[in-house]
Every structure is written in C-alpha cells, then in structure tokens.
Amino acid sequence: MFIRNDKYHLLEQGITKLNNTLQEGNLQEIFYILGNKKEILKRNLIAGIFRGIGIGIGVTLITALLIFIMQKIVTLNIPVIGEYIADIVEIVQKSR
C-alpha cells in the first residue's frame with residue numbers, strides 16, 4: 001500500500017507541475033484557438049488587415065522622406081547629384 005501511495009504522490013506532483021507550465025506559457029489558450037477554426041480565421045483576418053495598413057503607412061512615410069531628401073539635395077545645387085536628379089526630372093516630364 002505504501003508503494004502505491006508514493007507513486008500516486010509522484011504522479012500528482014508531475015501533473016501539478018505540467019499544469020503550472022501550461023498555464024505559464026498560455027498553452028491552454030493556444031490549444032483552444034487551434035481547435036476552433038472560426039477563431040483562427042478571425043485572428044488571421046484581423047492580423048492581415050493590420051499588416052496591410054502598417055505596410056501602406058510605412059511605404060508612404062519612407063517615400064515622403066525620400067522625396068523630401070531629394071528636394072533638399074536639388075536645392076543645395078550639388079554639381080553631380082543635382083544634374084543627375086535634374087536629368088531624371090526631365091525624362092519624367094518628357095514621358096508625360
């Protein structure tokens with residue numbers, strides 16, 4: 001009887017430790033999400049929308065920054081770079 005009690009106590013400790021580990025890692029929530037197809041679809045749709053918005057805002061800001069920097073370079077009238085940018089502007093205006 002003592003051996004069974006000892007094994008039961010070890011098993012109970014192992015289960016308690018496993019339960020604490022799962023709760024710390026939020027694995028219970030992950031298992032719920034993975035089991036629910038609608039939840040997966042909803043989360044991925046929302047994540048995709050926000051990624052798209054983030055990419056759009058990021059590209060807009062970087063493009064605006066590059067245009068601002070190019071305008072400042074042209075106004076500095078640096079010989080090589082200014083001529084190169086002027087040629088690009090001329091080519092774009094001719095293609096219109």
# chains A, B, ... in the order shown; residues from 1 in each chain; ligands from 1

$ residues_around --residues "region 65-70 of chain A" --least-positions-apart "2" --cutoff "12 Å" --atoms "only C-alpha atoms" --output "ChimeraX atom specification"
/A:58-63,72-78,81-82,84-86,88-89

$ atom_distance --atom1 "CA of Gly56 (chain A)" --atom2 "CA of Asn44 (chain A)"
18.2 Å

$ atom_distance --atom1 "CA of Ile30 (chain A)" --atom2 "CA of Leu18 (chain A)"
15.6 Å

$ atom_distance --atom1 "CA of Lys42 (chain A)" --atom2 "CA of Gly25 (chain A)"
22.2 Å

$ decode --residues "region 6-96 of chain A" --atoms "C-alpha atoms" --output "JSON list (two decimals), in the first residue's frame"
[["chain", "number", "residue", "atom", "x", "y", "z"],
["A", 6, "ASP", "CA", 4.20, 7.00, -3.11],
["A", 7, "LYS", "CA", 3.59, 6.53, -6.85],
["A", 8, "TYR", "CA", 0.28, 8.39, -6.58],
["A", 9, "HIS", "CA", 2.06, 11.29, -4.85],
["A", 10, "LEU", "CA", 4.75, 11.42, -7.58],
["A", 11, "LEU", "CA", 2.08, 11.33, -10.31],
["A", 12, "GLU", "CA", 0.15, 14.13, -8.62],
["A", 13, "GLN", "CA", 3.30, 16.27, -8.39],
["A", 14, "GLY", "CA", 4.05, 15.67, -12.09],
["A", 15, "ILE", "CA", 0.54, 16.63, -13.14],
["A", 16, "THR", "CA", 0.63, 19.76, -10.97],
["A", 17, "LYS", "CA", 3.98, 20.77, -12.47],
["A", 18, "LEU", "CA", 2.69, 20.15, -16.02],
["A", 19, "ASN", "CA", -0.44, 22.18, -15.30],
["A", 20, "ASN", "CA", 1.62, 25.11, -13.97],
["A", 21, "THR", "CA", 3.88, 25.01, -17.02],
["A", 22, "LEU", "CA", 0.89, 25.05, -19.38],
["A", 23, "GLN", "CA", -0.67, 27.99, -17.53],
["A", 24, "GLU", "CA", 2.58, 29.97, -17.56],
["A", 25, "GLY", "CA", 3.03, 29.54, -21.29],
["A", 26, "ASN", "CA", -0.63, 30.29, -22.12],
["A", 27, "LEU", "CA", -0.71, 26.98, -23.94],
["A", 28, "GLN", "CA", -4.29, 26.35, -22.86],
["A", 29, "GLU", "CA", -5.41, 29.41, -24.84],
["A", 30, "ILE", "CA", -3.31, 28.33, -27.83],
["A", 31, "PHE", "CA", -4.89, 24.87, -27.79],
["A", 32, "TYR", "CA", -8.34, 26.47, -27.68],
["A", 33, "ILE", "CA", -7.53, 28.70, -30.63],
["A", 34, "LEU", "CA", -6.05, 25.86, -32.66],
["A", 35, "GLY", "CA", -9.14, 23.76, -32.05],
["A", 36, "ASN", "CA", -11.55, 26.48, -33.16],
["A", 37, "LYS", "CA", -11.41, 27.12, -36.93],
["A", 38, "LYS", "CA", -13.55, 30.26, -36.76],
["A", 39, "GLU", "CA", -11.22, 31.74, -34.16],
["A", 40, "ILE", "CA", -8.19, 31.03, -36.37],
["A", 41, "LEU", "CA", -9.90, 32.64, -39.36],
["A", 42, "LYS", "CA", -10.94, 35.71, -37.35],
["A", 43, "ARG", "CA", -7.48, 36.28, -35.85],
["A", 44, "ASN", "CA", -5.68, 35.80, -39.18],
["A", 45, "LEU", "CA", -8.09, 38.16, -40.96],
["A", 46, "ILE", "CA", -7.59, 40.89, -38.36],
["A", 47, "ALA", "CA", -3.82, 40.38, -38.38],
["A", 48, "GLY", "CA", -3.74, 40.58, -42.19],
["A", 49, "ILE", "CA", -5.73, 43.79, -42.23],
["A", 50, "PHE", "CA", -3.43, 45.47, -39.72],
["A", 51, "ARG", "CA", -0.30, 44.24, -41.53],
["A", 52, "GLY", "CA", -1.63, 45.73, -44.77],
["A", 53, "ILE", "CA", -2.39, 49.04, -43.10],
["A", 54, "GLY", "CA", 1.06, 49.07, -41.50],
["A", 55, "ILE", "CA", 2.81, 48.37, -44.79],
["A", 56, "GLY", "CA", 0.82, 51.12, -46.51],
["A", 57, "ILE", "CA", 1.65, 53.69, -43.85],
["A", 58, "GLY", "CA", 5.31, 52.63, -43.77],
["A", 59, "VAL", "CA", 5.77, 52.87, -47.54],
["A", 60, "THR", "CA", 4.05, 56.25, -47.58],
["A", 61, "LEU", "CA", 6.30, 57.65, -44.85],
["A", 62, "ILE", "CA", 9.51, 56.31, -46.39],
["A", 63, "THR", "CA", 8.56, 57.62, -49.84],
["A", 64, "ALA", "CA", 7.72, 61.05, -48.42],
["A", 65, "LEU", "CA", 11.04, 61.11, -46.57],
["A", 66, "LEU", "CA", 12.98, 60.19, -49.73],
["A", 67, "ILE", "CA", 11.20, 62.87, -51.76],
["A", 68, "PHE", "CA", 11.93, 65.43, -49.05],
["A", 69, "ILE", "CA", 15.62, 64.48, -49.01],
["A", 70, "MET", "CA", 15.85, 64.61, -52.82],
["A", 71, "GLN", "CA", 14.27, 68.08, -52.83],
["A", 72, "LYS", "CA", 16.86, 69.28, -50.31],
["A", 73, "ILE", "CA", 19.69, 67.81, -52.43],
["A", 74, "VAL", "CA", 18.42, 69.63, -55.52],
["A", 75, "THR", "CA", 18.22, 72.94, -53.63],
["A", 76, "LEU", "CA", 21.83, 72.50, -52.45],
["A", 77, "ASN", "CA", 22.80, 72.54, -56.12],
["A", 78, "ILE", "CA", 25.49, 69.86, -55.79],
["A", 79, "PRO", "CA", 27.01, 69.53, -59.30],
["A", 80, "VAL", "CA", 26.96, 65.75, -59.91],
["A", 81, "ILE", "CA", 23.91, 64.75, -57.89],
["A", 82, "GLY", "CA", 21.87, 67.83, -58.85],
["A", 83, "GLU", "CA", 22.46, 67.22, -62.56],
["A", 84, "TYR", "CA", 21.53, 63.56, -62.20],
["A", 85, "ILE", "CA", 18.27, 64.38, -60.45],
["A", 86, "ALA", "CA", 17.53, 67.13, -62.98],
["A", 87, "ASP", "CA", 18.01, 64.59, -65.79],
["A", 88, "ILE", "CA", 15.57, 62.23, -64.08],
["A", 89, "VAL", "CA", 13.01, 65.02, -63.71],
["A", 90, "GLU", "CA", 13.44, 65.96, -67.39],
["A", 91, "ILE", "CA", 12.95, 62.36, -68.53],
["A", 92, "VAL", "CA", 9.79, 62.06, -66.44],
["A", 93, "GLN", "CA", 8.39, 65.33, -67.83],
["A", 94, "LYS", "CA", 9.11, 64.26, -71.42],
["A", 95, "SER", "CA", 7.34, 60.94, -70.95],
["A", 96, "ARG", "CA", 4.10, 62.72, -69.94]]
